[in-house]
file structure_23.tsv (TSV, C-alpha atoms and all ligand atoms)
chain	number	residue	atom	x	y	z
J	28	MET	CA	178.56	117.56	88.28
J	29	GLN	CA	175.08	118.83	88.92
J	30	SER	CA	173.66	118.11	92.36
J	31	THR	CA	170.18	116.66	92.62
J	32	THR	CA	167.74	118.59	94.78
J	33	SER	CA	164.23	117.69	95.67
J	34	ASN	CA	163.07	120.37	93.25
J	35	SER	CA	164.69	118.65	90.31
J	36	ILE	CA	162.87	115.39	91.06
J	37	GLY	CA	159.70	116.72	89.49
J	38	LEU	CA	157.14	115.47	91.96
J	39	ILE	CA	153.57	114.96	90.85
J	40	THR	CA	151.19	116.69	93.26
J	41	GLY	CA	147.45	116.52	93.74
J	42	PRO	CA	144.84	119.30	93.95
J	43	SER	CA	145.75	120.14	97.56
J	44	GLY	CA	149.48	120.01	96.82
J	45	ARG	CA	150.02	116.54	98.29
J	46	ALA	CA	152.74	114.42	96.71
J	47	ILE	CA	151.43	111.57	94.58
J	48	ALA	CA	153.36	108.31	94.26
J	49	GLN	CA	151.12	106.84	91.55
J	50	PRO	CA	148.22	108.74	89.97
J	51	VAL	CA	144.82	107.07	90.34
J	52	ASP	CA	143.10	106.21	87.07
J	53	PRO	CA	140.25	108.77	86.63
J	54	SER	CA	137.53	106.12	86.28
J	55	LEU	CA	138.82	104.27	89.34
J	56	LEU	CA	138.87	107.54	91.29
J	57	GLU	CA	135.26	108.22	90.24
J	58	ALA	CA	134.29	104.71	91.36
J	59	LEU	CA	136.04	105.28	94.72
J	60	TYR	CA	133.96	108.46	95.19
J	61	GLN	CA	130.79	106.53	94.33
J	62	HIS	CA	131.67	103.79	96.76
J	63	THR	CA	132.32	106.35	99.52
J	64	SER	CA	128.77	107.61	98.84
J	65	LEU	CA	127.37	104.09	98.99
J	66	GLU	CA	128.87	103.61	102.47
J	67	ARG	CA	127.36	106.94	103.61
J	68	VAL	CA	123.97	106.02	102.10
J	69	SER	CA	124.16	102.62	103.88
J	70	SER	CA	124.91	104.40	107.15
J	71	ALA	CA	121.78	106.56	106.76
J	72	GLN	CA	119.72	103.50	105.80
J	73	TYR	CA	120.84	101.56	108.87
J	74	LEU	CA	120.06	104.56	111.05
J	75	ALA	CA	116.49	104.56	109.64
J	76	MET	CA	116.24	100.82	110.38
J	77	SER	CA	117.46	101.34	113.94
J	78	LEU	CA	114.78	103.99	114.52
J	79	TRP	CA	112.02	101.85	112.94
J	80	CYS	CA	112.91	99.03	115.36
J	81	LEU	CA	113.10	101.41	118.33
J	82	GLU	CA	109.59	102.66	117.52
J	83	ARG	CA	108.34	99.05	117.75
J	84	GLU	CA	110.03	98.13	121.07
J	85	LEU	CA	112.65	96.03	119.30
J	86	ARG	CA	115.58	97.48	121.22
J	87	GLY	CA	117.97	94.64	120.39
J	88	PHE	CA	117.40	95.05	116.64
J	89	SER	CA	117.63	98.80	117.10
J	90	SER	CA	121.04	98.68	118.78
J	91	PHE	CA	122.27	96.15	116.21
J	92	TYR	CA	121.37	98.50	113.33
J	93	LYS	CA	122.71	101.53	115.17
J	94	LYS	CA	126.10	99.77	115.40
J	95	GLU	CA	125.84	98.94	111.69
J	96	SER	CA	125.10	102.59	110.92
J	97	LEU	CA	128.21	103.72	112.81
J	98	SER	CA	130.40	101.11	111.15
J	99	GLU	CA	129.23	102.20	107.66
J	100	GLN	CA	130.09	105.77	108.62
J	101	GLU	CA	133.56	104.55	109.56
J	102	HIS	CA	133.85	102.68	106.22
J	103	GLY	CA	132.94	105.86	104.34
J	104	PHE	CA	135.60	107.73	106.31
J	105	ASN	CA	138.19	105.04	105.54
J	106	PHE	CA	137.56	105.33	101.81
J	107	ALA	CA	137.82	109.13	102.05
J	108	LYS	CA	141.08	108.78	104.00
J	109	TYR	CA	142.42	106.43	101.33
J	110	ILE	CA	141.53	108.88	98.53
J	111	ILE	CA	143.46	111.57	100.45
J	112	ALA	CA	146.40	109.19	101.01
J	113	ARG	CA	146.55	108.89	97.22
J	114	GLY	CA	146.94	112.66	96.95
J	115	GLN	CA	143.37	113.44	95.85
J	116	ASN	CA	140.65	115.61	97.31
J	117	VAL	CA	137.39	114.07	98.47
J	118	VAL	CA	134.22	115.02	96.61
J	119	LEU	CA	131.12	114.27	98.70
J	120	ASP	CA	127.75	113.52	97.13
J	121	GLU	CA	124.32	114.07	98.55
J	122	VAL	CA	123.08	111.30	100.86
J	123	THR	CA	119.74	110.06	99.50
J	124	LYS	CA	116.67	109.81	101.75
J	125	PRO	CA	116.53	106.38	103.41
J	126	ILE	CA	113.56	104.00	103.13
J	127	GLN	CA	111.50	104.11	106.32
J	128	ASP	CA	108.46	101.97	105.66
J	129	TRP	CA	108.47	98.23	106.11
J	130	LYS	CA	105.49	96.02	106.81
J	131	THR	CA	107.42	93.44	108.77
J	132	ILE	CA	110.83	92.99	110.36
J	133	ASP	CA	111.51	90.27	107.70
J	134	GLU	CA	111.35	92.90	104.97
J	135	LEU	CA	113.69	95.18	106.85
J	136	VAL	CA	116.27	92.44	107.52
J	137	ALA	CA	116.00	91.23	103.90
J	138	LEU	CA	116.87	94.75	102.75
J	139	SER	CA	119.90	94.87	105.04
J	140	PHE	CA	121.15	91.60	103.51
J	141	GLN	CA	120.64	93.00	100.00
J	142	MET	CA	122.48	96.20	100.96
J	143	GLU	CA	125.52	94.24	102.11
J	144	ALA	CA	125.47	92.18	98.89
J	145	ASP	CA	125.29	95.42	96.84
J	146	VAL	CA	128.22	96.92	98.74
J	147	THR	CA	130.26	93.77	98.03
J	148	THR	CA	129.41	94.03	94.32
J	149	SER	CA	130.63	97.63	94.35
J	150	VAL	CA	133.90	96.59	96.07
J	151	GLN	CA	134.33	93.80	93.52
J	152	GLN	CA	133.98	96.32	90.69
J	153	LEU	CA	136.59	98.54	92.35
J	154	TYR	CA	138.84	95.52	92.69
J	155	SER	CA	138.70	94.64	89.01
J	156	MET	CA	139.26	98.27	88.02
J	157	ALA	CA	142.31	98.38	90.33
J	158	GLU	CA	143.68	95.20	88.75
J	159	ARG	CA	143.02	96.48	85.21
J	160	THR	CA	144.91	99.71	85.91
J	161	ASN	CA	147.79	97.97	87.76
J	162	ASP	CA	146.89	99.84	90.93
J	163	THR	CA	148.25	97.37	93.49
J	164	ARG	CA	147.88	99.93	96.29
J	165	THR	CA	144.12	99.94	95.79
J	166	SER	CA	143.91	96.14	95.53
J	167	VAL	CA	145.75	95.83	98.85
J	168	PHE	CA	143.53	98.50	100.43
J	169	LEU	CA	140.43	96.58	99.28
J	170	ASP	CA	141.49	93.13	100.52
J	171	PRO	CA	140.38	93.57	104.16
J	172	VAL	CA	137.23	95.37	102.95
J	173	ILE	CA	136.19	92.28	100.97
J	174	ASP	CA	136.99	90.10	103.97
J	175	GLU	CA	134.72	92.25	106.17
J	176	GLN	CA	131.95	92.16	103.55
J	177	ILE	CA	131.95	88.35	103.54
J	178	LYS	CA	131.46	88.45	107.33
J	179	SER	CA	128.68	91.07	107.07
J	180	GLU	CA	126.81	89.07	104.42
J	181	ASP	CA	127.08	85.97	106.59
J	182	GLU	CA	125.84	87.85	109.65
J	183	MET	CA	122.86	89.35	107.77
J	184	ALA	CA	121.97	86.00	106.16
J	185	TYR	CA	122.02	84.38	109.60
J	186	LEU	CA	119.79	87.09	111.08
J	187	LEU	CA	117.44	86.85	108.10
J	188	GLY	CA	117.25	83.08	108.51
J	189	LYS	CA	116.41	83.42	112.20
J	190	VAL	CA	113.77	86.10	111.60
J	191	LYS	CA	112.17	84.01	108.83
J	192	PHE	CA	112.21	81.02	111.13
J	193	ALA	CA	110.33	83.05	113.75
J	194	SER	CA	107.90	84.01	110.94
J	195	ASN	CA	106.54	87.04	112.77
J	196	ASP	CA	105.66	85.14	115.92
J	197	PRO	CA	106.03	87.91	118.55
J	198	SER	CA	107.49	85.68	121.27
J	199	ALA	CA	110.11	84.20	118.92
J	200	LEU	CA	111.00	87.71	117.67
J	201	LEU	CA	111.44	88.92	121.25
J	202	ILE	CA	113.92	86.09	121.90
J	203	ILE	CA	115.98	87.17	118.85
J	204	ASP	CA	115.66	90.79	119.99
J	205	ASN	CA	117.03	89.83	123.40
J	206	GLU	CA	119.95	87.96	121.84
J	207	LEU	CA	120.83	91.01	119.77
J	208	ASN	CA	120.65	93.18	122.90
J	209	ASN	CA	123.22	90.97	124.61
J	210	ASN	CA	125.69	91.05	121.71
Z	1	FE	FE	130.43	99.15	104.76
Z	2	FE	FE	128.23	96.76	106.04
call {"tool": "encode", "arguments": {"input": "structure_23.tsv", "output": "structure tokens", "more": "lines below"}}
Ligand SMILES: [Fe+2]
Ligand SMILES: [Fe+2]
result
Amino acid sequence: MQSTTSNSIGLITGPSGRAIAQPVDPSLLEALYQHTSLERVSSAQYLAMSLWCLERELRGFSSFYKKESLSEQEHGFNFAKYIIARGQNVVLDEVTKPIQDWKTIDELVALSFQMEADVTTSVQQLYSMAERTNDTRTSVFLDPVIDEQIKSEDEMAYLLGKVKFASNDPSALLIIDNELNNN
């Protein structure tokens, strides 16, 4: 009887020679790359927001957006790590130049809410692609990401509501700024 060796198993390997348990559908892989970029673009955008606030003595807002910038960087890294865990190499795109001009803090906070909503839409698209291609691993990977997005949208909507309520009254804005500083 012939003995089975690991060589006779016929492992599928990725571009860097890593063993692959289940190949990722090419369009899903492309969408995962695009989402990794979106997280990196969000990180750069939040950094720009943090600096805009710092220039205007809004140190609480600035530290809030700096934390957001770092967490988006972490998200981008997590997606890259997942792509590698699936045996693929990571292809990085250019990070586009962030927006740096806002007339009011309302505009800036409104953009941050929209960004979070856009990221959730992108995760939702990944989710349906994963389901369509029977890629349970990706669905499971995305579950906590969606959970975190719901919290981020809620947090940004709350901040936007408060800022709108203050309607550019400097003393009210400074109170919100102080609250953010203490978080
Ligand atoms: Fe993110
Ligand atoms: Fe986020």
call {"tool": "residues_near_ligand", "arguments": {"input": "structure_23.tsv", "ligand": "ligand FE 1 (chain Z)", "cutoff": "9 Å", "atoms": "only C-alpha atoms and all ligand atoms", "output": "mmCIF file with C-alpha atoms, in the frame of the given file"}}
result
data_model
loop_
_atom_site.group_PDB
_atom_site.id
_atom_site.type_symbol
_atom_site.label_atom_id
_atom_site.label_comp_id
_atom_site.auth_asym_id
_atom_site.auth_seq_id
_atom_site.Cartn_x
_atom_site.Cartn_y
_atom_site.Cartn_z
ATOM 1 C CA LEU J 65 127.370 104.090 98.990
ATOM 2 C CA GLU J 66 128.870 103.610 102.470
ATOM 3 C CA ARG J 67 127.360 106.940 103.610
ATOM 4 C CA SER J 69 124.160 102.620 103.880
ATOM 5 C CA SER J 70 124.910 104.400 107.150
ATOM 6 C CA GLU J 95 125.840 98.940 111.690
ATOM 7 C CA SER J 96 125.100 102.590 110.920
ATOM 8 C CA SER J 98 130.400 101.110 111.150
ATOM 9 C CA GLU J 99 129.230 102.200 107.660
ATOM 10 C CA GLN J 100 130.090 105.770 108.620
ATOM 11 C CA GLU J 101 133.560 104.550 109.560
ATOM 12 C CA HIS J 102 133.850 102.680 106.220
ATOM 13 C CA GLY J 103 132.940 105.860 104.340
ATOM 14 C CA GLU J 143 125.520 94.240 102.110
ATOM 15 C CA VAL J 146 128.220 96.920 98.740
ATOM 16 C CA THR J 147 130.260 93.770 98.030
ATOM 17 C CA VAL J 172 137.230 95.370 102.950
ATOM 18 C CA GLU J 175 134.720 92.250 106.170
ATOM 19 C CA GLN J 176 131.950 92.160 103.550
ATOM 20 C CA SER J 179 128.680 91.070 107.070
#
call {"tool": "closest_residue", "arguments": {"input": "structure_23.tsv", "among": "J:Asn209, J:Asn105, J:Thr148, J:Ser77", "to": "Tyr60 of chain J", "atoms": "only C-alpha atoms"}}
result
J:Asn105
call {"tool": "closest_residue", "arguments": {"input": "structure_23.tsv", "among": "J:Phe168, J:Asp133, J:Asn208, J:Val150", "to": "Asn195 of chain J", "atoms": "all atoms listed in the file"}}
result
J:Asp133
call {"tool": "residues_around", "arguments": {"input": "structure_23.tsv", "residues": "Lys130 of chain J", "least_positions_apart": "6", "cutoff": "12 Å", "atoms": "only C-alpha atoms", "output": "mmCIF file with C-alpha atoms, keeping the file's coordinate frame"}}
result
data_model
loop_
_atom_site.group_PDB
_atom_site.id
_atom_site.type_symbol
_atom_site.label_atom_id
_atom_site.label_comp_id
_atom_site.auth_asym_id
_atom_site.auth_seq_id
_atom_site.Cartn_x
_atom_site.Cartn_y
_atom_site.Cartn_z
ATOM 1 C CA TRP J 79 112.020 101.850 112.940
ATOM 2 C CA CYS J 80 112.910 99.030 115.360
ATOM 3 C CA ARG J 83 108.340 99.050 117.750
ATOM 4 C CA VAL J 136 116.270 92.440 107.520
ATOM 5 C CA ALA J 137 116.000 91.230 103.900
ATOM 6 C CA ASN J 195 106.540 87.040 112.770
#
call {"tool": "closest_residue", "arguments": {"input": "structure_23.tsv", "among": "J:Leu55, J:Ile110, J:Ile39, J:Ala46", "to": "Met156 of chain J", "atoms": "only C-alpha atoms"}}
result
J:Leu55
call {"tool": "closest_residue", "arguments": {"input": "structure_23.tsv", "among": "J:Ile111, J:Val122, J:Leu97, J:Ile132", "to": "ligand FE 2 (chain Z)", "atoms": "all atoms listed in the file"}}
result
J:Leu97
call {"tool": "closest_residue", "arguments": {"input": "structure_23.tsv", "among": "J:Leu153, J:Leu186, J:Ala144, J:Leu200", "to": "ligand FE 2 (chain Z)", "atoms": "only C-alpha atoms and all ligand atoms"}}
result
J:Ala144
call {"tool": "closest_residue", "arguments": {"input": "structure_23.tsv", "among": "J:Ala193, J:Ile126, J:Val68, J:Val118", "to": "ligand FE 2 (chain Z)", "atoms": "all atoms listed in the file"}}
result
J:Val68
call {"tool": "atom_distance", "arguments": {"input": "structure_23.tsv", "atom1": "atom CA of Leu56 of chain J", "atom2": "atom CA of Ile173 of chain J"}}
result
18.3 Å
call {"tool": "atom_distance", "arguments": {"input": "structure_23.tsv", "atom1": "atom CA of Ser43 of chain J", "atom2": "atom CA of Tyr154 of chain J"}}
result
26.0 Å
call {"tool": "axis_aligned_box", "arguments": {"input": "structure_23.tsv", "around": "segment 128-143 of chain J", "padding_each_side": "3 Å", "output": "AutoDock Vina command-line options"}}
result
--center_x 115.5 --center_y 96.1 --center_z 105.2 --size_x 26.0 --size_y 17.7 --size_z 16.4
call {"tool": "residues_around", "arguments": {"input": "structure_23.tsv", "residues": "Thr123 of chain J", "least_positions_apart": "2", "cutoff": "9 Å", "atoms": "all atoms listed in the file", "output": "MDAnalysis selection string"}}
result
chainID J and resid 68 71 121 125
call {"tool": "atom_distance", "arguments": {"input": "structure_23.tsv", "atom1": "atom CA of Tyr92 of chain J", "atom2": "atom CA of Tyr73 of chain J"}}
result
5.4 Å
